[in-house]
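Trainee: Shown below is the structure under consideration.
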Amino acid sequence: MKNILFICLLLGFASSYAQKEFWGLINKGGTVAINYGTIFKTDFNGANPEAVYTFDSLNGMKPYGRLFQASNGKLYGTASEGGIVQPATMDTGGVLFEYDLATDRFRVVSYFGSNEFHYKTPQSGVIEPTAGMLYGTLSFGGIYKYNSTDESTSLSGLVTNINGSIQNPMKGELVKASNGFIYGTTQNYSTCPGLAPFLGCIVRLNPVNNAFTYIHPFECDYAYGAGPTGSLVEGAPGKLYGTTAVGGLNVGDQGVAPLGSGVLFEYDIATNTYTKKFDFDYNTTGSYPGPLTIGNNNKLYGVLGSNGNDPMDPDPNNVVNGSLYEYDITTNTVTVLQYFSDISPNNFAFSTPHGALLKATDGNFYGIDALGVFKFDATANNLTRPVGSTVDYFYPNESGDLIEICRKPSYRYFDTAAFTACKTTSFTFDVHNTNAVSYIWKKGETILPEQTTGILNLSNLALTDTGSYTCEMTNECGVTVTMPLQLTVEPCLGLDEAIGSKNAISLYPNPANDIINLQLPEIQNFEVKHFIIRNMLGQIVYTDVKKYQNINISAFSTGIYQVELNTDKGDWFAKFVKK
């Protein structure tokens, strides 16, 4: 009995994880002819990458950033180029798109691109500070918001150019802090003399009144940090943490990092205080840090995209291409936990990690490097790569951050949602679901207890079966209700039943010289669809969709002809003689 219980628990555990997937964006990839990028997904362990949607330029191309699952259950993301704008003379400037996980349907919800210099080229994902309102950034200097209820898009904060001409792009996702404000960073802007160098700025948006503020320009010293890499995280209440691409104490290393290796910083939202916490070093920790991810016990995790020197590896020939580190907020210490190298103790190659790590619900961290998806167990300090298939034109080094999806039941979108069936016949409809564990079909609000699969199967239809049908599908991740399916059941009488008798139709005169006519019943509850005359060789000599009165046959050769009348209730046949 214990063994049976253990097996059941194991199956339940495996089933719940079977519905979980990782999703992401690839900036390049698709097909040989179309290399505009894809939406992809993997198994929950990062294996078996699969292209879900391939961009085609008209619906956007070169997606960037992170996908986001909104409160309506749908995914949203951006493509930095492509799209269609009106009028056509305007530049295309990327799109905001939606992906419906329930029906596997992609659509563009907003096209960017206009004569306004700032309103285009998104290179980051969106967030949802309040239900139904998504916020994102444009690399050409703006914050926009999208209302998923009325599907409207507006510019929420205009990030002005420096000196009226120098671009001030925003990259990286925004973050809503505990004080209700939205924060992000710009690549340029500073108060430096002569407007140079442009080292970046922390910015704030009040979502209530759209008030936009440059709250903290970076100082005019690369040692302070420069070029914030985008997304901030609130690692402790009231404290935002981020990294910069360059800057730090090691500025001036002309060999590999002349502008420095980047820094990790803290920003106190209450006191408007910036504090540099750590200087990265190309020669030891690695350089070019990505955005941070919140872990457990006041710790943050991130990756460095290049170099580093593994002090535990005695072989100087092993190539080190980046690292994974931990930052302890309490002790203010950075510890490199893993070095990415072509040769590793577990025989997997790792190289050049990028972007932010994903902390999954299994407690592990997942990320992407130049070779694919990797897994990091912080408890065991173990770095592994899942073994799985690859997909054509999958470019991990061109992909964005991963997100975790718990996949609710999905179904095929009803291209045709209204059907007509005849009384006493059968009706079958398949929603094409593969990941539900239970099904409840309803007619209106009435449950149909005999329908327990993803296929609606009605036999011996009655007129009372006319109605609206939905299927409620459930799995470990939640419930999906299909779009309504409208079924209309009709008597579908035959021609005899419709008019009393086929003998009620007559053709006259017969024989005929010049004109023939059809006489139909005075009460008609059927529709004439086609009238055809054929000679004895079976050749059509006359046809008309509706006309069956006063048909001129004067040009017909003498002989016998066949008449065919097609109706929605059946067909009627006769012969006449042309004199």
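Simple scheme: letters A, B, ... for chains in structure tokens order, numbers from 1 for residues in each chain, numbers from 1 for ligands in the order shown.
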I'd like the neighbourhood of region 134-138 of chain A as a PyMOL selection string, where a residue qualifies if any of its atoms comes within 8 Å (using only C-alpha atoms), though same-chain residues fewer than 2 positions away should be ignored.
Mentor: chain A and resi 118-130+132+140-148+169-174
Trainee: Which polymer residues have any atom within 8 Å of an atom of region 198-202 of chain A, counting only C-alpha atoms, with same-chain residues fewer than 4 positions away left out, as a list in words?
Mentor: Tyr183, Gly184, Thr185, Thr186, Gln187, Asn188, Tyr189, Ser190, Cys192, Tyr214, Ile215, His216, Pro217, Phe218, Glu219, Cys220, Tyr222, Gly225, Ala226, Gly227 and Pro228 of chain A
Trainee: Using only C-alpha atoms, which residues sit within 6 Å of Arg204 (chain A) once same-chain residues fewer than 4 positions away are excluded, as a list in words?
Mentor: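 Final neighbour list, sorted by chain and number: Ile182, Tyr183, Phe212 and Thr213 of chain A.
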Trainee: Where in region 237-450 of chain A does DSSP assign strand (DSSP E or B), given as a VMD selection string?
Mentor: chain A and resid 239 to 246 253 257 263 to 268 273 to 279 287 to 289 293 to 294 299 to 306 320 to 328 333 to 341 354 to 359 365 to 369 372 to 377 382 to 384 399 403 to 406 418 to 422 427 to 430 438 to 443 446 to 447
Trainee: Just the number, please: distance in Å from CA of Val334 (chain A) to CA of Gly248 (chain A), one decimal.
Mentor: 14.6 Å
Trainee: Pull the closest atom pair for each residue of region 18-40 of chain A that gets at most 9 Å from region 63-79 of chain A, along with the distance in Å to one decimal, counting only C-alpha atoms, ordering rows by chain and then ascending residue number, as CSV.
Mentor:
```
residue,atom,partner,partner_atom,distance
A:Trp23,CA,A:Leu67,CA,7.5
A:Gly24,CA,A:Leu67,CA,6.3
A:Leu25,CA,A:Pro63,CA,6.4
A:Ile26,CA,A:Pro63,CA,6.6
A:Asn27,CA,A:Pro63,CA,5.0
A:Lys28,CA,A:Pro63,CA,8.1
A:Tyr36,CA,A:Pro63,CA,8.1
A:Gly37,CA,A:Pro63,CA,6.4
A:Thr38,CA,A:Pro63,CA,7.6
A:Ile39,CA,A:Pro63,CA,8.4
```
Trainee: Just N, CA and C atoms for this one: save the residues we selected as an mmCIF file, in the first residue's frame.
Mentor:
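Writing the result to out-v7.cif gives the following:
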```cif
data_model
loop_
_atom_site.group_PDB
_atom_site.id
_atom_site.type_symbol
_atom_site.label_atom_id
_atom_site.label_comp_id
_atom_site.auth_asym_id
_atom_site.auth_seq_id
_atom_site.Cartn_x
_atom_site.Cartn_y
_atom_site.Cartn_z
ATOM 1 N N TRP A 23 9.757 29.960 -21.309
ATOM 2 C CA TRP A 23 9.522 30.667 -22.565
ATOM 3 C C TRP A 23 10.500 31.818 -22.697
ATOM 4 N N GLY A 24 10.845 32.164 -23.938
ATOM 5 C CA GLY A 24 11.764 33.269 -24.162
ATOM 6 C C GLY A 24 11.698 33.753 -25.599
ATOM 7 N N LEU A 25 12.524 34.728 -25.891
ATOM 8 C CA LEU A 25 12.593 35.337 -27.222
ATOM 9 C C LEU A 25 13.982 35.147 -27.805
ATOM 10 N N ILE A 26 14.041 34.935 -29.104
ATOM 11 C CA ILE A 26 15.306 34.860 -29.820
ATOM 12 C C ILE A 26 15.337 35.995 -30.832
ATOM 13 N N ASN A 27 16.350 36.825 -30.719
ATOM 14 C CA ASN A 27 16.443 38.007 -31.573
ATOM 15 C C ASN A 27 16.639 37.640 -33.039
ATOM 16 N N LYS A 28 17.363 36.556 -33.281
ATOM 17 C CA LYS A 28 17.567 36.055 -34.636
ATOM 18 C C LYS A 28 17.127 34.608 -34.685
ATOM 19 N N TYR A 36 14.154 36.554 -38.696
ATOM 20 C CA TYR A 36 13.681 37.729 -37.973
ATOM 21 C C TYR A 36 13.454 37.477 -36.489
ATOM 22 N N GLY A 37 13.695 36.268 -36.018
ATOM 23 C CA GLY A 37 13.512 35.979 -34.604
ATOM 24 C C GLY A 37 12.309 35.095 -34.343
ATOM 25 N N THR A 38 12.270 34.530 -33.135
ATOM 26 C CA THR A 38 11.197 33.613 -32.768
ATOM 27 C C THR A 38 10.818 33.784 -31.303
ATOM 28 N N ILE A 39 9.624 33.292 -30.978
ATOM 29 C CA ILE A 39 9.255 32.983 -29.599
ATOM 30 C C ILE A 39 9.537 31.498 -29.414
#
```
Trainee: Report as a PyMOL selection string: the residues of region 101-249 of chain A with a DSSP assignment of helix (DSSP H, G or I), based on the backbone of this structure.
Mentor: chain A and resi 193-195+222-224
Trainee: So that I can see what lies close to Ala102 (chain A), please list as a list of chain:residue names the residues with an atom at most 8 Å from it, counting only C-alpha atoms and leaving out residues fewer than 5 positions away in the same chain.
Mentor: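 Non-adjacent residues within range: A:Lys408, A:Pro409, A:Ser410, A:Tyr411, A:Thr480.
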Trainee: Restrict the selected residues to C-alpha atoms and save them as a PDB file, in the first residue's frame.
Mentor:
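Written file, part_2.pdb:
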```pdb
ATOM      1  CA  LYS A 408      -3.233  25.928 -18.287  1.00  0.00           C
ATOM      2  CA  PRO A 409      -5.233  23.763 -20.703  1.00  0.00           C
ATOM      3  CA  SER A 410      -5.095  25.002 -24.281  1.00  0.00           C
ATOM      4  CA  TYR A 411      -7.299  24.385 -27.300  1.00  0.00           C
ATOM      5  CA  THR A 480      -9.506  27.311 -19.239  1.00  0.00           C
TER       6      THR A 480
END
```
Trainee: Env of region 429-437 of chain A: 6 Å cut, atoms = only C-alpha atoms, seq-sep filter 4 positions within chain, self excluded. Answer as a list in words.
Mentor: Pro409, Ser410, Tyr411, Arg412, Gly454, Ile455, Leu456, Met473, Thr474 and Asn475 of chain A
Trainee: Just the residues within 12 Å of region 348-352 of chain A, please, counting only C-alpha atoms, with nothing from its chain fewer than 3 positions along; format it as a PyMOL selection string.
Mentor: chain A and resi 286-290+303-308+318-324+338-345+355+367-376+382-387+396-398
